Structures are given as structure tokens and as C-alpha cells.
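Just below is one structure, and these are the notes that go with it.
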Amino acid sequence: MIRFEQVSKVYADGTTAVDALSFDVAEGELVTLVGPSGCGKTTTMMMVNRLIEPTSGRILVDGEDIARVDPVRLRRRIGYVIQQVGLFPHRTVLDNTATVPALVGWKKAKARARAAELLDLVGLDPGTYGSRYPAQLSGGQRQRVGVARALAADPPVLLMDEPFGAVDPVVRERLQNEFLNLQATVRKTVLMVTHDIEEAVRMGDRIAVYGAGRIEQYDTPTTVLGTPANAYVARFVGADRGLKRLSVTPVEAADLEQPPLARFEDPARSAAAALRAEGARWAVVLNASGELHGWVSADSLAIAGGQGTVGELARRMEAWVPLGAPLKQAFGEMLQHDAGWVAVLDGTRFAGVLTPAKLHEALRRSVDAEAQGIAREDVEFDSVADA
Ligand code: ADP
Ligand code: MG
């Protein structure tokens, strides 16, 4: 969708901001450009909508060399969210949001209806906020209006330059999540600049790590964190890159162990016998509708001398995560509940348990598979239960 071919930008004073840059962004992909201040990120971005012209090289958008496209026509296809939001102070939130549709000649009523729809999409009630002025909004709300405005003319491409830079960390994380949810529905091709590696790995399908004027590595977050291309990238992503990888690697079905199962209403005697037969020390306990209740240990069944039901001896299991949650969340649950494992649910169905050993394996797998260019789906692992 966006292609850079050997693009360089040398400013009038001789500064080489971008040096022979080549990379591709696929349709519907969110790519983050990350690097220290002054490495050429904003220059890269502004060449895409021709606010800055390259010194040499070509940029293609949707297969078209943009040097041959009228800049005004080009910008209609490209939404732009800038660092300082840049709302018009003397215009209402609704009119700010409707700016681009109005510019491209939509009828006023249609442009406003679209703006209201977009405000709603970014979590601002148009009835409440539409008639306010930017100064009457919080920083986070202004950022949301910036995103709504960029999306208003429904452009296939979105450029975002440090879009969440001006808000505090809590609001920032909320805006990031909101944007990811939004992106899951609108599926724009997004180029997003940030100087924050955490934001880059959390938001990007792929991330481009910038050194001075060039890309040092362009790959998925797990690969960049797991296998940095060189010492510069390793230093930039930080010594805690292993920990960061926890937040970008999901819990998958293949990571789970399958301990013995017991039902709430089962007699303790038969559950004890089943555990003995399997040589297991505990079982996961499901309730009558097959949902997770907790667990029961072989010891407590033995102490009860086979009297009563599993339900009377079971303990509740509070540590659980949904399938697909980041490993970090699973690890957090383990720590918070001081548990040796967490239950994993697929919807309301019990799917298995994640142990620290499996968590570690999952973390390794995400690196090994991607480093070798193997699709995740092609990699099979034996679970302890199968072995
Ligand atoms: P980033 O967005 O990564 O912080 P920029 O793309 O803004 O970096 O800048 C890259 C380099 O180009 C920096 O050294 C910056 O000082 C320089 N630069 C940016 N704009 C201009 C300009 N208009 N004239 C001269 N140098 C510029
Ligand atoms: Mg910049």
C-alpha cells in the first residue's frame, strides 16, 4: 500500500534526514516508526503526504508514484494526526471533525452527520462534546478529536505522528487500546511515529527501528525484541526486552497443559482413585455446567478418607486468563494470586492450564519460529499430557 524506494531527504542546510530508505507497508497494516529524536521519523512521514518532497527516490501509494499525484488529491486519501493535535481553537469539536469532508465538498449536513458518527466511534458523545471548543476538552479528549478528524473522510491511509505523546501515561494507555480496537474494525493502513519503544511494540504489526536516517531493523515486535538485528537495536529496545516480549506474545492452545479433571459433584472416593491412577497431585474442578470452579489436591482427597464430594474439598481458582491474552497478563495473575499455574478459558469453556515452564517455552517459541521465518501455525509442540 505504501512503498519507499531508496528515498533520501537532504535539507537545504545539508542535513541528511533520511538516507536511501526502502520499506513496504501492506494494506491494513499498522507500522510504527520508532527511534530517538532527530533520526528522521517525521521527515519520513511528511514525505508520504508531500508536505516534504524527497531529494531522491520514489514513494508509491497504492501502486502510484506520488510525485505524479496532485498533493491536494493525495491528501484526501491520507488522514493525518499530528503531535500537537492542531485543532482549530475557534471552531467547535464537531466542525473541527468535519473539516476534511467539508473541504472535499461534502454537503454541510452530511459532513456533520459523518463527524458525529466519528466522534461516537472515538468515544466522545457528540451531543455532549460536539458543541464544545478545543480549550474546553482534556488532553486525552483533544487527541480523540484529532483521530476522529483524521478518519472523517474515510481515507485508506492514516499517518500519525506521536499521536498520544501529549497525555499522561494512564490516558495514553487507554487511548492506545481504544485505537487498537478501532483499527480492528476500520483496518486502515497506518504509519505511526513514536519515540517510545513500549508504544511501538504494543501498537505495531511491524516496527521500523530507526538509527540516524536509516532503518536498522524492520520486523514484527516479537522478532525485534527476540532477535535484535544488531547491537544498536539491542541497546535501543533495552536490556529488559525479554520482559517486553511477554506483552506481545499471546497464550495459545498449544501452550496449555491438561491436568486431570474432576466434577464438582463427583464422589471424593472416585476422584482420589483417578488421581492415584494418573500419578497426579491435583485435578482441575469443573462445575455442573462444565465451567471452571477451582482445583482439588490428591492430599486433601486422601485426608478426607474418601468421604463426601469433590465440591466439598475443592478450592476456588481465582487466577485465570482468556486464551489469546498476553503472557504478561498470565504471569501477572500467577504473581498476584501466588499460584503455580493459571487456568486458561476459551470463552467460558476451560481450555487448560499454563505453568511457568510452559510460559517460558511459549516465550522461546515466539522467537524461534519467527526468527526462522516459520509461520506459528506450522509449529507443533507436545504438551506434557501427550508426552
Ligand atoms: P524525528 O521526527 O525523528 O525527531 P525529523 O524527521 O524531524 O526527526 O528530523 C530529522 C533530522 O532533520 C534532524 O536532524 C532535524 O534537525 C533535521 N531537520 C528536520 N527538519 C528540518 C528542516 N526543515 N531543515 C533542516 N533540518 C531539518
Ligand atoms: Mg518528529
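Chain labels run A, B, ... following the order of the C-alpha cells; each chain numbers its residues from 1, and ligands are numbered from 1 in the order shown.
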
Residues within 9 Å of ligand 2, counting only C-alpha atoms and all ligand atoms, as an MDAnalysis selection string: chainID A and resid 37:43 45 83 161:162 193:195

Those residues you just picked out, can you put them in a file as a short mmCIF file (atom, residue, chain, number, x, y, z; two decimals), in the first residue's frame with all heavy atoms?
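The file below, result09.cif, is the result:
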data_model
loop_
_atom_site.label_atom_id
_atom_site.label_comp_id
_atom_site.auth_asym_id
_atom_site.auth_seq_id
_atom_site.Cartn_x
_atom_site.Cartn_y
_atom_site.Cartn_z
N SER A 37 14.97 11.01 19.03
CA SER A 37 14.64 12.28 18.43
C SER A 37 15.67 12.66 17.35
O SER A 37 16.87 12.43 17.52
CB SER A 37 14.61 13.34 19.53
OG SER A 37 14.30 14.58 18.98
N GLY A 38 15.19 13.18 16.23
CA GLY A 38 16.08 13.65 15.19
C GLY A 38 16.56 12.59 14.20
O GLY A 38 17.40 12.87 13.35
N CYS A 39 16.00 11.36 14.28
CA CYS A 39 16.50 10.29 13.40
C CYS A 39 15.77 10.24 12.07
O CYS A 39 16.09 9.42 11.22
CB CYS A 39 16.42 8.96 14.12
SG CYS A 39 14.73 8.45 14.48
N GLY A 40 14.78 11.13 11.85
CA GLY A 40 14.15 11.20 10.53
C GLY A 40 12.73 10.65 10.45
O GLY A 40 12.19 10.50 9.35
N LYS A 41 12.11 10.38 11.58
CA LYS A 41 10.77 9.78 11.57
C LYS A 41 9.74 10.74 10.97
O LYS A 41 8.97 10.36 10.08
CB LYS A 41 10.34 9.41 13.00
CG LYS A 41 11.32 8.50 13.71
CD LYS A 41 10.85 8.13 15.11
CE LYS A 41 10.69 9.31 16.07
NZ LYS A 41 11.95 9.98 16.43
N THR A 42 9.70 11.96 11.48
CA THR A 42 8.71 12.92 10.98
C THR A 42 8.94 13.24 9.51
O THR A 42 7.99 13.35 8.72
CB THR A 42 8.74 14.21 11.84
OG1 THR A 42 8.33 13.88 13.17
CG2 THR A 42 7.82 15.28 11.29
N THR A 43 10.19 13.36 9.13
CA THR A 43 10.52 13.61 7.72
C THR A 43 9.96 12.49 6.85
O THR A 43 9.33 12.74 5.81
CB THR A 43 12.05 13.72 7.54
OG1 THR A 43 12.54 14.77 8.38
CG2 THR A 43 12.42 14.01 6.09
N MET A 45 7.46 10.51 7.44
CA MET A 45 6.02 10.61 7.44
C MET A 45 5.52 11.73 6.51
O MET A 45 4.60 11.53 5.72
CB MET A 45 5.63 10.94 8.87
CG MET A 45 4.20 10.95 9.11
SD MET A 45 3.78 9.32 9.59
CE MET A 45 3.60 9.57 11.27
N GLN A 83 1.34 15.62 16.17
CA GLN A 83 1.77 15.62 17.56
C GLN A 83 0.97 16.60 18.43
O GLN A 83 0.50 16.28 19.49
CB GLN A 83 3.25 15.99 17.59
CG GLN A 83 3.98 15.49 18.79
CD GLN A 83 5.48 15.53 18.55
OE1 GLN A 83 5.94 15.81 17.44
NE2 GLN A 83 6.24 15.24 19.57
N ASP A 161 1.65 11.08 13.86
CA ASP A 161 2.96 11.49 14.38
C ASP A 161 2.87 11.71 15.89
O ASP A 161 2.30 12.71 16.33
CB ASP A 161 3.43 12.77 13.68
CG ASP A 161 4.92 12.99 13.86
OD1 ASP A 161 5.52 12.36 14.76
OD2 ASP A 161 5.50 13.80 13.09
N GLU A 162 3.38 10.78 16.65
CA GLU A 162 3.31 10.83 18.12
C GLU A 162 1.91 11.21 18.58
O GLU A 162 1.73 12.17 19.34
CB GLU A 162 4.35 11.83 18.67
CG GLU A 162 5.73 11.60 18.08
CD GLU A 162 6.80 11.38 19.13
OE1 GLU A 162 6.47 11.29 20.32
OE2 GLU A 162 7.97 11.25 18.75
N VAL A 193 4.35 7.27 14.13
CA VAL A 193 5.65 7.62 14.69
C VAL A 193 5.59 7.65 16.21
O VAL A 193 4.62 8.14 16.78
CB VAL A 193 6.09 9.01 14.18
CG1 VAL A 193 7.17 9.60 15.07
CG2 VAL A 193 6.57 8.94 12.74
N THR A 194 6.61 7.12 16.84
CA THR A 194 6.73 7.25 18.28
C THR A 194 8.21 7.20 18.66
O THR A 194 9.02 6.67 17.92
CB THR A 194 5.94 6.14 19.03
OG1 THR A 194 6.17 6.25 20.42
CG2 THR A 194 6.36 4.75 18.57
N HIS A 195 8.55 7.78 19.83
CA HIS A 195 9.93 7.61 20.28
C HIS A 195 9.97 6.58 21.42
O HIS A 195 10.99 6.31 22.00
CB HIS A 195 10.53 8.95 20.75
CG HIS A 195 9.77 9.55 21.89
ND1 HIS A 195 8.76 10.45 21.70
CD2 HIS A 195 9.86 9.34 23.22
CE1 HIS A 195 8.24 10.79 22.88
NE2 HIS A 195 8.89 10.13 23.81
#

Could you go through stretch 252-352 of chain A and tell me which residues DSSP, when run on the backbone, assigns to helix (DSSP H, G or I), listing them as a ChimeraX atom specification? /A:253-255,268-278,298-303,310-313,327-336

Output file for the residues above (N, CA and C atoms, as an mmCIF file, in the first residue's frame):
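Writing done, so here's again-v7.cif:
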data_model
loop_
_atom_site.group_PDB
_atom_site.id
_atom_site.type_symbol
_atom_site.label_atom_id
_atom_site.label_comp_id
_atom_site.auth_asym_id
_atom_site.auth_seq_id
_atom_site.Cartn_x
_atom_site.Cartn_y
_atom_site.Cartn_z
ATOM 1 N N ALA A 253 -3.394 -22.218 22.489
ATOM 2 C CA ALA A 253 -3.881 -23.531 22.940
ATOM 3 C C ALA A 253 -2.715 -24.505 23.098
ATOM 4 N N ALA A 254 -1.715 -24.419 22.188
ATOM 5 C CA ALA A 254 -0.598 -25.364 22.220
ATOM 6 C C ALA A 254 0.295 -25.171 23.448
ATOM 7 N N ASP A 255 0.140 -24.050 24.140
ATOM 8 C CA ASP A 255 0.968 -23.797 25.332
ATOM 9 C C ASP A 255 0.416 -24.484 26.577
ATOM 10 N N ALA A 268 -15.691 -38.041 46.236
ATOM 11 C CA ALA A 268 -14.268 -37.859 46.514
ATOM 12 C C ALA A 268 -13.514 -39.176 46.287
ATOM 13 N N ARG A 269 -14.155 -40.273 46.624
ATOM 14 C CA ARG A 269 -13.500 -41.579 46.523
ATOM 15 C C ARG A 269 -13.034 -41.857 45.087
ATOM 16 N N SER A 270 -13.926 -41.644 44.107
ATOM 17 C CA SER A 270 -13.555 -41.970 42.722
ATOM 18 C C SER A 270 -12.533 -40.961 42.189
ATOM 19 N N ALA A 271 -12.652 -39.703 42.621
ATOM 20 C CA ALA A 271 -11.663 -38.707 42.183
ATOM 21 C C ALA A 271 -10.284 -39.067 42.716
ATOM 22 N N ALA A 272 -10.224 -39.501 43.979
ATOM 23 C CA ALA A 272 -8.936 -39.879 44.570
ATOM 24 C C ALA A 272 -8.329 -41.039 43.799
ATOM 25 N N ALA A 273 -9.162 -42.002 43.443
ATOM 26 C CA ALA A 273 -8.671 -43.167 42.705
ATOM 27 C C ALA A 273 -8.140 -42.751 41.339
ATOM 28 N N ALA A 274 -8.862 -41.836 40.676
ATOM 29 C CA ALA A 274 -8.443 -41.383 39.341
ATOM 30 C C ALA A 274 -7.095 -40.663 39.414
ATOM 31 N N LEU A 275 -6.932 -39.827 40.434
ATOM 32 C CA LEU A 275 -5.666 -39.104 40.579
ATOM 33 C C LEU A 275 -4.521 -40.080 40.850
ATOM 34 N N ARG A 276 -4.778 -41.059 41.716
ATOM 35 C CA ARG A 276 -3.744 -42.068 42.007
ATOM 36 C C ARG A 276 -3.328 -42.778 40.731
ATOM 37 N N ALA A 277 -4.339 -43.184 39.944
ATOM 38 C CA ALA A 277 -4.060 -43.927 38.716
ATOM 39 C C ALA A 277 -3.191 -43.115 37.754
ATOM 40 N N GLU A 278 -3.407 -41.821 37.738
ATOM 41 C CA GLU A 278 -2.629 -40.968 36.822
ATOM 42 C C GLU A 278 -1.333 -40.477 37.451
ATOM 43 N N ALA A 298 -4.725 -34.121 45.626
ATOM 44 C CA ALA A 298 -4.789 -35.538 45.981
ATOM 45 C C ALA A 298 -4.704 -35.687 47.495
ATOM 46 N N ASP A 299 -3.894 -34.842 48.124
ATOM 47 C CA ASP A 299 -3.731 -34.914 49.582
ATOM 48 C C ASP A 299 -5.044 -34.672 50.313
ATOM 49 N N SER A 300 -5.765 -33.606 49.925
ATOM 50 C CA SER A 300 -6.991 -33.298 50.645
ATOM 51 C C SER A 300 -8.029 -34.396 50.420
ATOM 52 N N LEU A 301 -8.014 -35.002 49.228
ATOM 53 C CA LEU A 301 -8.926 -36.121 48.974
ATOM 54 C C LEU A 301 -8.564 -37.297 49.884
ATOM 55 N N ALA A 302 -7.238 -37.515 50.056
ATOM 56 C CA ALA A 302 -6.773 -38.630 50.886
ATOM 57 C C ALA A 302 -7.134 -38.392 52.350
ATOM 58 N N ILE A 303 -6.932 -37.156 52.801
ATOM 59 C CA ILE A 303 -7.216 -36.831 54.201
ATOM 60 C C ILE A 303 -8.695 -37.022 54.507
ATOM 61 N N VAL A 310 -16.207 -34.046 45.644
ATOM 62 C CA VAL A 310 -15.098 -33.200 45.214
ATOM 63 C C VAL A 310 -15.391 -31.736 45.556
ATOM 64 N N GLY A 311 -16.639 -31.324 45.328
ATOM 65 C CA GLY A 311 -17.025 -29.931 45.556
ATOM 66 C C GLY A 311 -16.762 -29.480 46.981
ATOM 67 N N GLU A 312 -16.948 -30.387 47.950
ATOM 68 C CA GLU A 312 -16.739 -30.020 49.353
ATOM 69 C C GLU A 312 -15.269 -29.800 49.671
ATOM 70 N N LEU A 313 -14.394 -30.398 48.896
ATOM 71 C CA LEU A 313 -12.957 -30.324 49.177
ATOM 72 C C LEU A 313 -12.213 -29.366 48.241
ATOM 73 N N LEU A 327 1.112 -13.164 27.453
ATOM 74 C CA LEU A 327 1.768 -13.938 28.506
ATOM 75 C C LEU A 327 1.960 -13.087 29.761
ATOM 76 N N LYS A 328 2.166 -11.784 29.542
ATOM 77 C CA LYS A 328 2.387 -10.887 30.681
ATOM 78 C C LYS A 328 1.209 -10.909 31.655
ATOM 79 N N GLN A 329 0.002 -10.936 31.083
ATOM 80 C CA GLN A 329 -1.194 -10.960 31.919
ATOM 81 C C GLN A 329 -1.263 -12.265 32.712
ATOM 82 N N ALA A 330 -0.900 -13.381 32.052
ATOM 83 C CA ALA A 330 -0.907 -14.679 32.734
ATOM 84 C C ALA A 330 0.113 -14.677 33.869
ATOM 85 N N PHE A 331 1.274 -14.130 33.600
ATOM 86 C CA PHE A 331 2.334 -14.066 34.599
ATOM 87 C C PHE A 331 1.888 -13.190 35.777
ATOM 88 N N GLY A 332 1.250 -12.074 35.454
ATOM 89 C CA GLY A 332 0.727 -11.169 36.480
ATOM 90 C C GLY A 332 -0.286 -11.871 37.386
ATOM 91 N N GLU A 333 -1.165 -12.679 36.782
ATOM 92 C CA GLU A 333 -2.157 -13.419 37.559
ATOM 93 C C GLU A 333 -1.481 -14.409 38.513
ATOM 94 N N MET A 334 -0.452 -15.087 37.975
ATOM 95 C CA MET A 334 0.285 -16.048 38.820
ATOM 96 C C MET A 334 0.858 -15.356 40.044
ATOM 97 N N LEU A 335 1.471 -14.197 39.811
ATOM 98 C CA LEU A 335 2.116 -13.477 40.914
ATOM 99 C C LEU A 335 1.080 -12.959 41.903
ATOM 100 N N GLN A 336 0.012 -12.378 41.348
ATOM 101 C CA GLN A 336 -0.976 -11.754 42.218
ATOM 102 C C GLN A 336 -1.653 -12.764 43.133
#

At a cut-off of 8 Å, using only C-alpha atoms, what residues contact A:Met317? Leave out same-chain residues fewer than 2 positions from it and give the result as a PyMOL selection string. chain A and resi 292-295+315+319-320+343

Considering only C-alpha atoms and all ligand atoms, tabulate each residue of chain A that lies at most 12 Å from ligand 1 along with its nearest interatomic pair and the corresponding distance in Å to one decimal; arrange the rows by chain and ascending residue number and present them as a tab-separated table.
residue	atom	partner	partner_atom_place_in_ligand_line	distance
A:Ser8	CA	ligand 1	12 (O)	11.3
A:Lys9	CA	ligand 1	12 (O)	8.5
A:Val10	CA	ligand 1	26 (N)	8.0
A:Tyr11	CA	ligand 1	25 (C)	4.9
A:Ala12	CA	ligand 1	24 (N)	6.4
A:Asp13	CA	ligand 1	25 (C)	5.8
A:Gly14	CA	ligand 1	25 (C)	7.5
A:Thr15	CA	ligand 1	26 (N)	5.5
A:Thr16	CA	ligand 1	12 (O)	6.5
A:Ala17	CA	ligand 1	12 (O)	4.1
A:Val18	CA	ligand 1	10 (C)	7.1
A:Asp19	CA	ligand 1	10 (C)	10.5
A:Leu33	CA	ligand 1	3 (O)	8.7
A:Val34	CA	ligand 1	3 (O)	8.0
A:Gly35	CA	ligand 1	3 (O)	6.5
A:Pro36	CA	ligand 1	3 (O)	6.3
A:Ser37	CA	ligand 1	4 (O)	3.7
A:Gly38	CA	ligand 1	4 (O)	3.4
A:Cys39	CA	ligand 1	3 (O)	4.0
A:Gly40	CA	ligand 1	6 (O)	3.3
A:Lys41	CA	ligand 1	3 (O)	3.7
A:Thr42	CA	ligand 1	2 (O)	3.6
A:Thr43	CA	ligand 1	6 (O)	3.7
A:Thr44	CA	ligand 1	6 (O)	6.4
A:Met45	CA	ligand 1	6 (O)	8.0
A:Met46	CA	ligand 1	6 (O)	8.4
A:Met47	CA	ligand 1	6 (O)	9.9
A:Leu51	CA	ligand 1	23 (N)	10.9
A:Ile52	CA	ligand 1	23 (N)	8.8
A:Glu53	CA	ligand 1	23 (N)	11.2
A:Pro54	CA	ligand 1	6 (O)	12.0
A:Ile82	CA	ligand 1	2 (O)	11.3
A:Gln83	CA	ligand 1	2 (O)	10.2
A:Met160	CA	ligand 1	2 (O)	11.5
A:Asp161	CA	ligand 1	2 (O)	8.2
A:Glu162	CA	ligand 1	2 (O)	9.1
A:Met192	CA	ligand 1	2 (O)	11.1
A:Val193	CA	ligand 1	2 (O)	7.7
A:Thr194	CA	ligand 1	3 (O)	8.5
A:His195	CA	ligand 1	3 (O)	7.8
A:Asp196	CA	ligand 1	3 (O)	11.6
A:Ala208	CA	ligand 1	3 (O)	11.9
A:Val209	CA	ligand 1	3 (O)	10.7
A:Tyr210	CA	ligand 1	3 (O)	8.0
A:Gly211	CA	ligand 1	3 (O)	9.1
A:Ala212	CA	ligand 1	10 (C)	8.1
A:Gly213	CA	ligand 1	10 (C)	7.1
A:Arg214	CA	ligand 1	3 (O)	10.4
A:Ile215	CA	ligand 1	3 (O)	11.4

Go ahead and write the selection's residues with N, CA and C atoms as a compact mmCIF listing (two decimals), in the first residue's frame.
# COMPACT_ATOMS: atom_id res chain seq x y z
N SER A 8 15.70 9.44 -0.17
CA SER A 8 16.58 10.27 0.65
C SER A 8 16.01 11.67 0.76
N LYS A 9 16.29 12.31 1.90
CA LYS A 9 15.93 13.71 2.05
C LYS A 9 17.12 14.47 2.65
N VAL A 10 17.65 15.39 1.85
CA VAL A 10 18.70 16.28 2.34
C VAL A 10 18.10 17.68 2.42
N TYR A 11 18.07 18.27 3.63
CA TYR A 11 17.51 19.62 3.77
C TYR A 11 18.48 20.65 3.21
N ALA A 12 17.96 21.86 2.99
CA ALA A 12 18.73 22.94 2.35
C ALA A 12 20.05 23.21 3.07
N ASP A 13 20.06 23.02 4.40
CA ASP A 13 21.29 23.29 5.15
C ASP A 13 22.29 22.13 5.09
N GLY A 14 21.97 21.10 4.29
CA GLY A 14 22.90 19.99 4.13
C GLY A 14 22.63 18.81 5.07
N THR A 15 21.65 18.94 5.99
CA THR A 15 21.31 17.83 6.89
C THR A 15 20.68 16.68 6.11
N THR A 16 21.28 15.50 6.20
CA THR A 16 20.64 14.32 5.63
C THR A 16 19.70 13.74 6.68
N ALA A 17 18.40 13.94 6.48
CA ALA A 17 17.43 13.50 7.47
C ALA A 17 17.07 12.03 7.27
N VAL A 18 17.02 11.62 5.99
CA VAL A 18 16.66 10.26 5.64
C VAL A 18 17.58 9.81 4.52
N ASP A 19 18.14 8.62 4.66
CA ASP A 19 19.19 8.18 3.76
C ASP A 19 18.83 6.86 3.06
N LEU A 33 7.04 3.62 13.44
CA LEU A 33 8.41 4.07 13.22
C LEU A 33 8.92 4.54 14.57
N VAL A 34 9.98 3.91 15.07
CA VAL A 34 10.44 4.25 16.41
C VAL A 34 11.94 4.53 16.37
N GLY A 35 12.36 5.51 17.15
CA GLY A 35 13.78 5.84 17.20
C GLY A 35 13.96 7.11 18.00
N PRO A 36 15.20 7.44 18.32
CA PRO A 36 15.45 8.65 19.12
C PRO A 36 15.10 9.91 18.33
N SER A 37 14.97 11.01 19.03
CA SER A 37 14.64 12.28 18.43
C SER A 37 15.67 12.66 17.35
N GLY A 38 15.19 13.18 16.23
CA GLY A 38 16.08 13.65 15.19
C GLY A 38 16.56 12.59 14.20
N CYS A 39 16.00 11.36 14.28
CA CYS A 39 16.50 10.29 13.40
C CYS A 39 15.77 10.24 12.07
N GLY A 40 14.78 11.13 11.85
CA GLY A 40 14.15 11.20 10.53
C GLY A 40 12.73 10.65 10.45
N LYS A 41 12.11 10.38 11.58
CA LYS A 41 10.77 9.78 11.57
C LYS A 41 9.74 10.74 10.97
N THR A 42 9.70 11.96 11.48
CA THR A 42 8.71 12.92 10.98
C THR A 42 8.94 13.24 9.51
N THR A 43 10.19 13.36 9.13
CA THR A 43 10.52 13.61 7.72
C THR A 43 9.96 12.49 6.85
N THR A 44 10.15 11.23 7.28
CA THR A 44 9.64 10.07 6.54
C THR A 44 8.13 10.22 6.33
N MET A 45 7.46 10.51 7.44
CA MET A 45 6.02 10.61 7.44
C MET A 45 5.52 11.73 6.51
N MET A 46 6.14 12.89 6.59
CA MET A 46 5.64 14.04 5.84
C MET A 46 5.94 13.94 4.35
N MET A 47 6.83 13.02 3.98
CA MET A 47 7.05 12.81 2.55
C MET A 47 5.89 12.01 1.95
N LEU A 51 4.05 16.86 2.23
CA LEU A 51 4.32 18.12 2.94
C LEU A 51 5.81 18.40 2.84
N ILE A 52 6.59 17.33 2.62
CA ILE A 52 8.02 17.46 2.33
C ILE A 52 8.29 16.62 1.08
N GLU A 53 9.11 17.16 0.16
CA GLU A 53 9.44 16.41 -1.06
C GLU A 53 10.79 15.72 -0.90
N PRO A 54 10.88 14.45 -1.29
CA PRO A 54 12.18 13.76 -1.21
C PRO A 54 13.21 14.39 -2.15
N ILE A 82 -1.41 14.84 13.96
CA ILE A 82 -0.10 15.39 14.32
C ILE A 82 0.07 15.50 15.83
N GLN A 83 1.34 15.62 16.17
CA GLN A 83 1.77 15.62 17.56
C GLN A 83 0.97 16.60 18.43
N MET A 160 0.21 9.01 11.60
CA MET A 160 0.05 9.51 12.97
C MET A 160 1.42 9.82 13.55
N ASP A 161 1.65 11.08 13.86
CA ASP A 161 2.96 11.49 14.38
C ASP A 161 2.87 11.71 15.89
N GLU A 162 3.38 10.78 16.65
CA GLU A 162 3.31 10.83 18.12
C GLU A 162 1.91 11.21 18.58
N MET A 192 2.74 5.05 11.98
CA MET A 192 2.65 5.78 13.23
C MET A 192 4.04 6.01 13.81
N VAL A 193 4.35 7.27 14.13
CA VAL A 193 5.65 7.62 14.69
C VAL A 193 5.59 7.65 16.21
N THR A 194 6.61 7.12 16.84
CA THR A 194 6.73 7.25 18.28
C THR A 194 8.21 7.20 18.66
N HIS A 195 8.55 7.78 19.83
CA HIS A 195 9.93 7.61 20.28
C HIS A 195 9.97 6.58 21.42
N ASP A 196 8.78 6.01 21.70
CA ASP A 196 8.61 5.12 22.85
C ASP A 196 8.54 3.66 22.39
N ALA A 208 9.56 -0.38 12.64
CA ALA A 208 10.81 0.02 11.98
C ALA A 208 11.64 0.76 13.02
N VAL A 209 12.78 0.18 13.39
CA VAL A 209 13.65 0.83 14.37
C VAL A 209 14.65 1.70 13.61
N TYR A 210 14.56 3.02 13.87
CA TYR A 210 15.41 3.98 13.18
C TYR A 210 16.72 4.22 13.92
N GLY A 211 17.82 4.24 13.15
CA GLY A 211 19.05 4.87 13.60
C GLY A 211 19.06 6.22 12.91
N ALA A 212 20.20 6.87 12.79
CA ALA A 212 20.23 8.18 12.14
C ALA A 212 19.92 8.06 10.64
N GLY A 213 18.68 8.44 10.27
CA GLY A 213 18.31 8.50 8.85
C GLY A 213 18.09 7.17 8.17
N ARG A 214 18.23 6.06 8.91
CA ARG A 214 18.02 4.78 8.27
C ARG A 214 17.30 3.81 9.20
N ILE A 215 16.75 2.75 8.58
CA ILE A 215 16.06 1.74 9.38
C ILE A 215 17.05 0.63 9.72
